[in-house]
>>> print(open('my_file39.cif').read())   # mmCIF, C-alpha atoms
data_coords
#
loop_
_atom_site.group_PDB
_atom_site.id
_atom_site.type_symbol
_atom_site.label_atom_id
_atom_site.label_comp_id
_atom_site.auth_asym_id
_atom_site.auth_seq_id
_atom_site.Cartn_x
_atom_site.Cartn_y
_atom_site.Cartn_z
ATOM 1 C CA MET A 194 -0.103 -31.242 -22.934
ATOM 2 C CA SER A 195 -0.573 -33.985 -20.400
ATOM 3 C CA ALA A 196 -3.600 -36.232 -20.782
ATOM 4 C CA VAL A 197 -4.275 -36.525 -17.064
ATOM 5 C CA PRO A 198 -6.027 -33.439 -15.706
ATOM 6 C CA PRO A 199 -4.302 -32.083 -12.619
ATOM 7 C CA THR A 200 -5.885 -32.834 -9.278
ATOM 8 C CA VAL A 201 -7.567 -30.105 -7.280
ATOM 9 C CA GLU A 202 -4.788 -30.363 -4.690
ATOM 10 C CA ALA A 203 -2.169 -29.730 -7.367
ATOM 11 C CA ILE A 204 -4.146 -26.755 -8.610
ATOM 12 C CA LEU A 205 -4.439 -25.284 -5.152
ATOM 13 C CA ALA A 206 -0.745 -25.775 -4.534
ATOM 14 C CA ARG A 207 -0.106 -23.468 -7.465
ATOM 15 C CA PHE A 208 -2.932 -21.111 -6.547
ATOM 16 C CA ARG A 209 -2.049 -20.494 -2.906
ATOM 17 C CA TYR A 210 0.405 -17.841 -1.896
ATOM 18 C CA ARG A 211 3.626 -18.863 -0.198
ATOM 19 C CA PRO A 212 6.022 -16.164 0.990
ATOM 20 C CA ASP A 213 8.995 -18.276 -0.110
ATOM 21 C CA GLU A 214 7.800 -18.795 -3.679
ATOM 22 C CA GLU A 215 9.973 -17.498 -6.461
ATOM 23 C CA SER A 216 8.861 -14.370 -8.178
ATOM 24 C CA GLY A 217 11.125 -15.041 -11.122
ATOM 25 C CA GLY A 218 9.881 -14.180 -14.549
ATOM 26 C CA LEU A 219 8.184 -10.986 -13.525
ATOM 27 C CA ALA A 220 9.974 -8.552 -15.738
ATOM 28 C CA GLU A 221 12.661 -6.899 -13.687
ATOM 29 C CA LEU A 222 12.100 -3.162 -13.860
ATOM 30 C CA SER A 223 14.897 -1.094 -12.531
ATOM 31 C CA THR A 224 13.931 2.174 -10.964
ATOM 32 C CA ALA A 225 16.804 3.756 -12.848
ATOM 33 C CA ASN A 226 14.522 3.732 -15.889
ATOM 34 C CA VAL A 227 11.802 5.643 -14.125
ATOM 35 C CA GLU A 228 11.566 9.207 -15.260
ATOM 36 C CA PRO A 229 12.213 11.351 -12.197
ATOM 37 C CA ASP A 230 9.387 13.782 -11.540
ATOM 38 C CA ARG A 231 11.830 16.544 -10.770
ATOM 39 C CA ALA A 232 15.566 16.960 -10.765
ATOM 40 C CA SER A 233 16.729 17.045 -7.173
ATOM 41 C CA GLY A 234 19.934 18.655 -6.078
ATOM 42 C CA GLY A 235 21.958 16.065 -4.166
ATOM 43 C CA ASP A 236 21.837 17.242 -0.555
ATOM 44 C CA GLU A 237 18.363 18.821 -0.531
ATOM 45 C CA LEU A 238 16.276 18.095 2.546
ATOM 46 C CA GLN A 239 12.650 17.207 2.055
ATOM 47 C CA LEU A 240 10.360 18.264 4.851
ATOM 48 C CA LEU A 241 6.718 17.505 5.393
ATOM 49 C CA THR A 242 5.109 20.571 6.914
ATOM 50 C CA PHE A 243 2.004 20.333 9.026
ATOM 51 C CA GLY A 244 -0.004 22.567 11.297
ATOM 52 C CA LEU A 245 -0.986 22.182 14.927
ATOM 53 C CA GLY A 246 -3.123 24.891 16.439
ATOM 54 C CA LYS A 247 -1.710 28.149 15.064
ATOM 55 C CA GLY A 248 1.833 26.865 14.583
ATOM 56 C CA GLU A 249 3.583 25.270 11.640
ATOM 57 C CA TYR A 250 5.877 22.303 12.167
ATOM 58 C CA ALA A 251 7.796 19.911 9.956
ATOM 59 C CA VAL A 252 9.325 16.454 10.051
ATOM 60 C CA GLY A 253 11.742 14.821 7.638
ATOM 61 C CA LEU A 254 9.800 13.315 4.757
ATOM 62 C CA GLY A 255 11.818 10.098 4.863
ATOM 63 C CA THR A 256 10.335 8.971 8.161
ATOM 64 C CA VAL A 257 6.731 9.431 7.044
ATOM 65 C CA THR A 258 5.320 6.405 5.276
ATOM 66 C CA GLU A 259 1.762 7.499 4.857
ATOM 67 C CA ILE A 260 -0.713 10.303 5.488
ATOM 68 C CA LEU A 261 -4.212 9.242 6.431
ATOM 69 C CA ARG A 262 -7.356 11.287 6.641
ATOM 70 C CA ALA A 263 -8.105 11.420 10.347
ATOM 71 C CA ARG A 264 -10.622 8.838 11.427
ATOM 72 C CA THR A 265 -12.146 7.799 14.719
ATOM 73 C CA LEU A 266 -9.634 5.782 16.701
ATOM 74 C CA THR A 267 -10.190 2.759 18.900
ATOM 75 C CA GLU A 268 -9.910 3.844 22.478
ATOM 76 C CA ILE A 269 -7.513 2.281 24.948
ATOM 77 C CA PRO A 270 -8.901 2.187 28.495
ATOM 78 C CA ARG A 271 -6.973 4.537 30.764
ATOM 79 C CA ALA A 272 -4.665 5.636 27.962
ATOM 80 C CA ARG A 273 -2.420 8.425 29.159
ATOM 81 C CA PRO A 274 -1.465 11.371 27.005
ATOM 82 C CA PRO A 275 0.095 11.607 24.503
ATOM 83 C CA LEU A 276 -1.486 8.295 23.430
ATOM 84 C CA LEU A 277 -4.866 9.024 21.849
ATOM 85 C CA GLY A 278 -5.856 5.538 20.755
ATOM 86 C CA VAL A 279 -5.031 2.881 18.219
ATOM 87 C CA LEU A 280 -5.715 2.442 14.560
ATOM 88 C CA ASN A 281 -5.918 -0.705 12.478
ATOM 89 C CA LEU A 282 -3.592 0.037 9.588
ATOM 90 C CA ARG A 283 -4.165 -2.836 7.140
ATOM 91 C CA GLY A 284 -3.914 -5.348 9.940
ATOM 92 C CA THR A 285 -1.169 -3.671 11.966
ATOM 93 C CA ILE A 286 -2.317 -2.127 15.228
ATOM 94 C CA THR A 287 -0.797 1.337 15.170
ATOM 95 C CA PRO A 288 -0.757 3.658 18.187
ATOM 96 C CA VAL A 289 -1.714 7.257 17.433
ATOM 97 C CA TYR A 290 -0.213 10.033 19.524
ATOM 98 C CA ASP A 291 -0.977 13.674 20.116
ATOM 99 C CA PRO A 292 2.154 15.708 19.317
ATOM 100 C CA SER A 293 0.823 18.903 20.883
ATOM 101 C CA LEU A 294 1.677 17.788 24.422
ATOM 102 C CA ARG A 295 5.421 17.756 23.774
ATOM 103 C CA LEU A 296 5.232 21.006 21.912
ATOM 104 C CA GLY A 297 3.542 22.728 24.842
ATOM 105 C CA LEU A 298 0.304 23.348 23.012
ATOM 106 C CA ALA A 299 -3.259 22.760 24.127
ATOM 107 C CA GLY A 300 -4.367 19.256 23.229
ATOM 108 C CA PRO A 301 -7.232 18.482 20.893
ATOM 109 C CA ALA A 302 -10.430 20.220 21.861
ATOM 110 C CA GLN A 303 -12.466 17.085 21.404
ATOM 111 C CA PRO A 304 -11.803 13.391 22.029
ATOM 112 C CA CYS A 305 -10.528 11.412 19.041
ATOM 113 C CA ALA A 306 -11.125 7.846 20.195
ATOM 114 C CA GLY A 307 -14.100 5.769 21.163
ATOM 115 C CA PRO A 308 -17.595 5.308 19.813
ATOM 116 C CA ASP A 309 -19.016 8.558 21.235
ATOM 117 C CA CYS A 310 -16.452 10.967 19.875
ATOM 118 C CA PRO A 311 -17.478 13.447 17.190
ATOM 119 C CA ARG A 312 -16.370 13.191 13.588
ATOM 120 C CA PRO A 313 -12.774 14.452 13.180
ATOM 121 C CA ALA A 314 -12.210 17.860 11.562
ATOM 122 C CA ARG A 315 -12.033 17.748 7.774
ATOM 123 C CA ALA A 316 -8.461 18.975 7.562
ATOM 124 C CA ALA A 317 -7.129 16.691 10.310
ATOM 125 C CA ARG A 318 -4.654 14.035 9.236
ATOM 126 C CA ILE A 319 -2.704 11.171 10.784
ATOM 127 C CA LEU A 320 0.950 11.019 9.775
ATOM 128 C CA VAL A 321 2.188 7.446 9.926
ATOM 129 C CA VAL A 322 5.876 7.452 10.816
ATOM 130 C CA ARG A 323 8.362 4.627 10.882
ATOM 131 C CA THR A 324 9.890 3.943 14.294
ATOM 132 C CA ALA A 325 12.106 1.236 15.722
ATOM 133 C CA LEU A 326 9.010 -0.347 17.315
ATOM 134 C CA GLY A 327 6.911 -0.303 14.173
ATOM 135 C CA PRO A 328 4.590 2.289 12.696
ATOM 136 C CA ALA A 329 3.158 5.051 14.859
ATOM 137 C CA GLY A 330 0.639 7.751 14.055
ATOM 138 C CA LEU A 331 0.718 11.467 14.804
ATOM 139 C CA TRP A 332 -2.572 13.327 14.875
ATOM 140 C CA VAL A 333 -2.120 16.752 13.260
ATOM 141 C CA ASP A 334 -4.608 19.496 12.496
ATOM 142 C CA ARG A 335 -3.615 19.922 8.847
ATOM 143 C CA VAL A 336 -0.897 18.954 6.403
ATOM 144 C CA ARG A 337 0.564 21.722 4.302
ATOM 145 C CA GLY A 338 2.876 19.901 1.903
ATOM 146 C CA VAL A 339 6.422 18.941 1.089
ATOM 147 C CA GLN A 340 9.096 21.578 1.147
ATOM 148 C CA ARG A 341 12.532 21.102 -0.331
ATOM 149 C CA VAL A 342 15.217 23.117 1.386
ATOM 150 C CA ARG A 343 18.977 23.325 1.348
ATOM 151 C CA PRO A 344 20.514 22.364 4.697
ATOM 152 C CA GLY A 345 22.067 25.825 4.921
ATOM 153 C CA ALA A 346 18.636 27.430 4.932
ATOM 154 C CA LEU A 347 17.860 25.949 8.346
ATOM 155 C CA GLU A 348 18.606 27.706 11.563
ATOM 156 C CA ARG A 349 19.848 25.040 13.917
ATOM 157 C CA PRO A 350 19.790 25.356 17.700
ATOM 158 C CA ARG A 351 23.164 26.228 19.180
ATOM 159 C CA GLY A 352 24.996 23.283 20.678
ATOM 160 C CA GLY A 353 23.190 20.588 18.740
ATOM 161 C CA PRO A 354 19.570 19.521 18.821
ATOM 162 C CA THR A 355 17.752 20.458 21.996
ATOM 163 C CA GLY A 356 15.035 18.039 22.893
ATOM 164 C CA GLY A 357 13.502 17.045 19.638
ATOM 165 C CA VAL A 358 13.769 20.354 17.845
ATOM 166 C CA VAL A 359 16.144 19.905 14.928
ATOM 167 C CA GLY A 360 15.943 23.422 13.562
ATOM 168 C CA VAL A 361 13.794 26.282 12.432
ATOM 169 C CA LEU A 362 13.031 27.173 8.843
ATOM 170 C CA SER A 363 12.076 30.744 8.040
ATOM 171 C CA THR A 364 9.711 31.100 5.137
ATOM 172 C CA PRO A 365 7.928 34.156 3.753
ATOM 173 C CA GLU A 366 4.724 32.868 5.376
ATOM 174 C CA GLY A 367 6.304 32.554 8.796
ATOM 175 C CA SER A 368 8.610 30.188 10.604
ATOM 176 C CA CYS A 369 8.297 26.465 10.792
ATOM 177 C CA THR A 370 9.800 24.301 13.547
ATOM 178 C CA ILE A 371 11.434 21.078 12.442
ATOM 179 C CA VAL A 372 11.049 18.303 14.994
ATOM 180 C CA ASP A 373 12.129 14.698 15.434
ATOM 181 C CA PRO A 374 8.895 12.699 15.061
ATOM 182 C CA GLU A 375 9.863 10.055 17.644
ATOM 183 C CA TRP A 376 10.536 12.687 20.273
ATOM 184 C CA LEU A 377 6.931 13.858 19.978
ATOM 185 C CA PHE A 378 5.602 10.783 21.737
ATOM 186 C CA ARG A 379 8.565 9.103 23.409
ATOM 187 C CA MET B 17 -6.781 -26.412 10.904
ATOM 188 C CA SER B 18 -8.024 -29.046 8.512
ATOM 189 C CA ALA B 19 -11.136 -27.006 7.721
ATOM 190 C CA ASP B 20 -8.925 -24.357 6.155
ATOM 191 C CA LEU B 21 -7.379 -26.864 3.787
ATOM 192 C CA GLN B 22 -10.802 -27.916 2.552
ATOM 193 C CA ALA B 23 -11.786 -24.420 1.498
ATOM 194 C CA VAL B 24 -10.082 -21.687 -0.428
ATOM 195 C CA ASP B 25 -10.654 -17.962 -0.042
ATOM 196 C CA VAL B 26 -10.471 -16.102 -3.298
ATOM 197 C CA CYS B 27 -10.249 -12.401 -3.983
ATOM 198 C CA ALA B 28 -12.420 -12.079 -7.085
ATOM 199 C CA PHE B 29 -12.330 -9.280 -9.649
ATOM 200 C CA TRP B 30 -13.583 -8.433 -13.095
ATOM 201 C CA VAL B 31 -11.431 -8.303 -16.197
ATOM 202 C CA GLY B 32 -13.652 -7.413 -19.108
ATOM 203 C CA ASP B 33 -16.841 -9.449 -18.698
ATOM 204 C CA ALA B 34 -15.223 -12.357 -16.847
ATOM 205 C CA VAL B 35 -14.507 -12.902 -13.168
ATOM 206 C CA TYR B 36 -11.024 -14.005 -12.147
ATOM 207 C CA GLY B 37 -9.671 -14.752 -8.705
ATOM 208 C CA ILE B 38 -6.395 -14.864 -6.807
ATOM 209 C CA ASP B 39 -5.600 -16.141 -3.326
ATOM 210 C CA VAL B 40 -6.663 -13.554 -0.735
ATOM 211 C CA ALA B 41 -3.363 -14.120 1.063
ATOM 212 C CA ARG B 42 -1.644 -12.459 -1.895
ATOM 213 C CA VAL B 43 -3.611 -9.251 -1.606
ATOM 214 C CA ASP B 44 -1.928 -6.471 0.301
ATOM 215 C CA GLU B 45 -4.068 -3.531 -0.564
ATOM 216 C CA ILE B 46 -6.566 -2.253 -3.122
ATOM 217 C CA LEU B 47 -5.771 1.134 -4.540
ATOM 218 C CA PRO B 48 -8.541 3.211 -6.122
ATOM 219 C CA ARG B 49 -6.615 5.611 -8.356
ATOM 220 C CA VAL B 50 -3.153 4.880 -9.617
ATOM 221 C CA VAL B 51 -1.204 6.851 -12.197
ATOM 222 C CA PRO B 52 1.938 4.857 -12.980
ATOM 223 C CA LEU B 53 5.174 6.398 -14.143
ATOM 224 C CA PRO B 54 5.993 5.037 -17.591
ATOM 225 C CA VAL B 55 9.096 2.875 -17.835
ATOM 226 C CA ALA B 56 11.322 2.580 -20.873
ATOM 227 C CA ASP B 57 11.582 -0.934 -22.416
ATOM 228 C CA ALA B 58 8.735 -2.335 -20.322
ATOM 229 C CA PRO B 59 6.699 -5.246 -21.732
ATOM 230 C CA ALA B 60 3.403 -4.272 -23.343
ATOM 231 C CA HIS B 61 1.315 -5.428 -20.409
ATOM 232 C CA VAL B 62 3.273 -3.342 -17.879
ATOM 233 C CA GLU B 63 1.895 0.186 -17.641
ATOM 234 C CA GLY B 64 4.732 1.482 -15.511
ATOM 235 C CA VAL B 65 5.639 1.662 -11.867
ATOM 236 C CA VAL B 66 4.231 3.410 -8.847
ATOM 237 C CA HIS B 67 5.983 4.105 -5.600
ATOM 238 C CA VAL B 68 4.131 2.436 -2.768
ATOM 239 C CA GLN B 69 5.571 3.110 0.676
ATOM 240 C CA GLY B 70 9.032 3.600 -0.700
ATOM 241 C CA THR B 71 9.280 0.685 -3.123
ATOM 242 C CA ALA B 72 8.716 0.729 -6.848
ATOM 243 C CA VAL B 73 5.884 -1.620 -7.813
ATOM 244 C CA PRO B 74 5.162 -2.523 -11.442
ATOM 245 C CA ILE B 75 1.566 -2.086 -12.574
ATOM 246 C CA VAL B 76 0.313 -4.851 -14.885
ATOM 247 C CA ASN B 77 -2.838 -4.352 -16.917
ATOM 248 C CA LEU B 78 -4.592 -7.727 -16.791
ATOM 249 C CA ARG B 79 -6.770 -6.849 -19.797
ATOM 250 C CA ARG B 80 -3.660 -7.169 -21.923
ATOM 251 C CA LEU B 81 -2.956 -10.673 -20.569
ATOM 252 C CA LEU B 82 -6.394 -12.238 -20.203
ATOM 253 C CA PRO B 83 -9.259 -12.658 -22.633
ATOM 254 C CA GLY B 84 -12.334 -10.649 -21.759
ATOM 255 C CA GLY B 85 -14.925 -8.617 -23.593
ATOM 256 C CA LEU B 86 -16.246 -5.211 -22.707
ATOM 257 C CA SER B 87 -16.409 -4.480 -19.018
ATOM 258 C CA PRO B 88 -19.750 -3.702 -17.392
ATOM 259 C CA ARG B 89 -20.523 -0.003 -17.346
ATOM 260 C CA THR B 90 -20.847 -0.041 -13.584
ATOM 261 C CA ALA B 91 -17.303 -1.337 -13.093
ATOM 262 C CA LYS B 92 -14.985 0.698 -10.911
ATOM 263 C CA PRO B 93 -11.402 0.091 -12.008
ATOM 264 C CA LYS B 94 -8.954 -0.625 -9.229
ATOM 265 C CA VAL B 95 -5.365 -1.701 -8.763
ATOM 266 C CA ILE B 96 -4.823 -4.754 -6.570
ATOM 267 C CA LEU B 97 -1.483 -4.678 -4.815
ATOM 268 C CA ALA B 98 -0.575 -8.377 -4.754
ATOM 269 C CA ARG B 99 2.361 -10.305 -3.366
ATOM 270 C CA LEU B 100 4.422 -12.414 -5.690
ATOM 271 C CA GLY B 101 7.074 -14.132 -3.637
ATOM 272 C CA ARG B 102 8.813 -11.370 -1.764
ATOM 273 C CA ARG B 103 7.953 -8.803 -4.376
ATOM 274 C CA ARG B 104 4.777 -6.958 -5.032
ATOM 275 C CA VAL B 105 2.923 -6.244 -8.213
ATOM 276 C CA GLY B 106 -0.047 -4.039 -8.965
ATOM 277 C CA LEU B 107 -2.804 -5.654 -11.037
ATOM 278 C CA ARG B 108 -5.092 -3.283 -12.888
ATOM 279 C CA VAL B 109 -8.580 -4.798 -12.985
ATOM 280 C CA ASP B 110 -11.956 -3.539 -14.165
ATOM 281 C CA GLY B 111 -13.678 -3.937 -10.803
ATOM 282 C CA MET B 112 -13.744 -5.919 -7.600
ATOM 283 C CA ALA B 113 -16.111 -8.862 -7.165
ATOM 284 C CA GLY B 114 -15.631 -9.528 -3.469
ATOM 285 C CA VAL B 115 -14.012 -12.281 -1.448
ATOM 286 C CA ARG B 116 -15.475 -15.703 -2.136
ATOM 287 C CA ARG B 117 -14.954 -19.022 -0.363
ATOM 288 C CA TYR B 118 -14.939 -22.203 -2.402
ATOM 289 C CA THR B 119 -14.779 -25.809 -1.316
ATOM 290 C CA LEU B 120 -12.666 -28.322 -3.216
ATOM 291 C CA ALA B 121 -15.785 -29.746 -4.859
ATOM 292 C CA ASP B 122 -16.474 -26.370 -6.515
ATOM 293 C CA ILE B 123 -13.189 -26.353 -8.407
ATOM 294 C CA ARG B 124 -12.729 -27.885 -11.870
ATOM 295 C CA PRO B 125 -9.388 -27.870 -13.689
ATOM 296 C CA ALA B 126 -9.063 -25.664 -16.760
ATOM 297 C CA THR B 127 -6.062 -25.536 -19.059
ATOM 298 C CA SER B 128 -7.145 -23.677 -22.162
ATOM 299 C CA VAL B 129 -5.914 -20.215 -21.181
ATOM 300 C CA ARG B 130 -2.409 -19.514 -20.024
ATOM 301 C CA GLY B 131 -2.318 -18.633 -16.340
ATOM 302 C CA VAL B 132 -5.843 -19.893 -15.646
ATOM 303 C CA LEU B 133 -5.659 -22.928 -13.369
ATOM 304 C CA ALA B 134 -9.246 -23.797 -12.678
ATOM 305 C CA ILE B 135 -12.790 -22.606 -12.911
ATOM 306 C CA THR B 136 -15.330 -22.714 -10.127
ATOM 307 C CA GLY B 137 -19.019 -23.534 -10.196
ATOM 308 C CA ASP B 138 -19.973 -19.865 -10.488
ATOM 309 C CA GLU B 139 -17.453 -19.220 -13.283
ATOM 310 C CA CYS B 140 -14.695 -17.581 -11.292
ATOM 311 C CA ARG B 141 -11.413 -18.377 -13.015
ATOM 312 C CA LEU B 142 -8.593 -19.046 -10.572
ATOM 313 C CA LEU B 143 -5.263 -17.617 -11.697
ATOM 314 C CA ASP B 144 -1.739 -18.912 -11.316
ATOM 315 C CA LEU B 145 -0.266 -15.458 -10.945
ATOM 316 C CA ARG B 146 3.306 -16.651 -11.234
ATOM 317 C CA GLU B 147 2.657 -18.353 -14.540
ATOM 318 C CA LEU B 148 0.562 -15.490 -15.845
ATOM 319 C CA LEU B 149 3.237 -12.900 -15.185
ATOM 320 C CA ALA B 150 6.181 -15.067 -16.164
ATOM 321 C CA ASP B 151 8.200 -13.817 -19.079
ATOM 322 C CA PRO B 152 7.019 -15.841 -22.120
ATOM 323 C CA ALA B 153 10.570 -15.980 -23.425
ATOM 324 C CA ALA B 154 11.913 -17.425 -20.183
ATOM 325 C CA PRO B 155 13.006 -21.056 -20.439
ATOM 326 C CA GLY B 156 11.511 -23.809 -18.330
ATOM 327 C CA ARG B 157 7.899 -22.828 -18.798
ATOM 328 C CA PRO B 158 5.726 -25.853 -19.591
ATOM 329 C CA ASP B 159 4.302 -25.847 -23.083
ATOM 330 C CA LEU B 160 0.512 -25.662 -22.936
#
>>> encode(input="my_file39.cif", output="structure tokens")
Amino acid sequence: MSAVPPTVEAILARFRYRPDEESGGLAELSTANVEPDRASGGDELQLLTFGLGKGEYAVGLGTVTEILRARTLTEIPRARPPLLGVLNLRGTITPVYDPSLRLGLAGPAQPCAGPDCPRPARAARILVVRTALGPAGLWVDRVRGVQRVRPGALERPRGGPTGGVVGVLSTPEGSCTIVDPEWLFR
Amino acid sequence: MSADLQAVDVCAFWVGDAVYGIDVARVDEILPRVVPLPVADAPAHVEGVVHVQGTAVPIVNLRRLLPGGLSPRTAKPKVILARLGRRRVGLRVDGMAGVRRYTLADIRPATSVRGVLAITGDECRLLDLRELLADPAAPGRPDL
């Protein structure tokens, strides 16, 4: 042990975070050791199904980074549909869009942004999706869950994807339209 | 700004009956309920990993690394998602104690506990997270 106590500056140099510091020593845990929660058959598709109005829709689970409980958004003056407003997502300003416009549905019955808007519906959620321009939010009426399907179970549109519709999945509860999330607001 | 260099912002939390702090710049997120997946061959202080936005993050229980008595009954356990270099680590703590700003005059060096750099006037122990989480068997660590 050294006899000279370290100076406060030296202490703070070790205390402060630097992005380029080494993280060595933290026990390296490989994810290969993690017990998988369920055996997955190699080419299974994972879809996140959600509801808008009376319809059921789905997007690929891989593009969705987060599902937030819907909250009041910050309004953008003269924002044009489908942009509803913005959301501060842990410091990143994230635009939130209304997917119903592209899908030919009636938009939300009530405003979602600004100080005067009513409290969002309990079941409403914001899906945060990864895009080339950063995260973007999609305001949906409800989130149903994750569905694992084999690619063969999808009915794909003839002649490749039309617009943003990737395919249709028929389930005992009804059919569910699989869409490209970026197409919903581009 | 020179004013920023004269003060330090600390994210303070409870471990047992003591308050510890890390640099607020390290803190990414505070998660209320975390159930880690157990990992084979993990060190005793690592509870497991959780998947956070697509990456596996180890969860370290700080009670197993730091001295501390019984936690207050009102404590709400949380997991602090902290940055360590380019990686992230989850720190399980007994409760949050807010963000505190200290000036350099508040900070006194402390060397008796591994990973604890300094103690402030109101008994918040500042942690060297890299030293605390370093593998004890790894070479090059200064002998305390």
>>> residues_around(input="my_file39.cif", residues="segment 94-107 of chain B", least_positions_apart="6", cutoff="9 Å", atoms="all atoms listed in the file", output="ChimeraX atom specification")
/A:210-217,219 /B:38,40-50,65-66,72-78,145-146
>>> atom_distance(input="my_file39.cif", atom1="atom CA of Thr285 of chain A", atom2="atom CA of Ala263 of chain A")
16.7 Å
>>> atom_distance(input="my_file39.cif", atom1="atom CA of Ser363 of chain A", atom2="atom CA of Val321 of chain A")
25.4 Å
>>> resolve_selection(input="my_file39.cif", expression="the PyMOL selection byres ((chain B) within 6 of (chain A))", output="PyMOL selection string")
chain B and resi 39+42+55+69+100-101+144+149-151+160
>>> atom_distance(input="my_file39.cif", atom1="atom CA of Val132 of chain B", atom2="atom CA of Thr90 of chain B")
25.0 Å
>>> axis_aligned_box(input="my_file39.cif", around="segment 60-73 of chain B", padding_each_side="6 Å", output="AutoDock Vina command-line options")
--center_x 5.3 --center_y -0.7 --center_z -11.3 --size_x 20.0 --size_y 21.5 --size_z 36.0
>>> closest_residue(input="my_file39.cif", among="B:Ala23, B:Val68, B:His61, B:Asp33", to="Ala113 of chain B", atoms="only C-alpha atoms")
B:Asp33
>>> resolve_selection(input="my_file39.cif", expression="the PyMOL selection byres ((chain A and resi 248-253) around 9)", output="PyMOL selection string")
chain A and resi 238-247+254-257+337+361+367-374
>>> resolve_selection(input="my_file39.cif", expression="the PyMOL selection byres ((chain B and resi 91) around 12)", output="VMD selection string")
chain B and resid 29 to 35 86 to 90 92 to 94 109 to 113
>>> residues_around(input="my_file39.cif", residues="Leu377 of chain A", least_positions_apart="2", cutoff="10 Å", atoms="all atoms listed in the file", output="PyMOL selection string")
chain A and resi 275+290-296+331+356-358+372-375+379
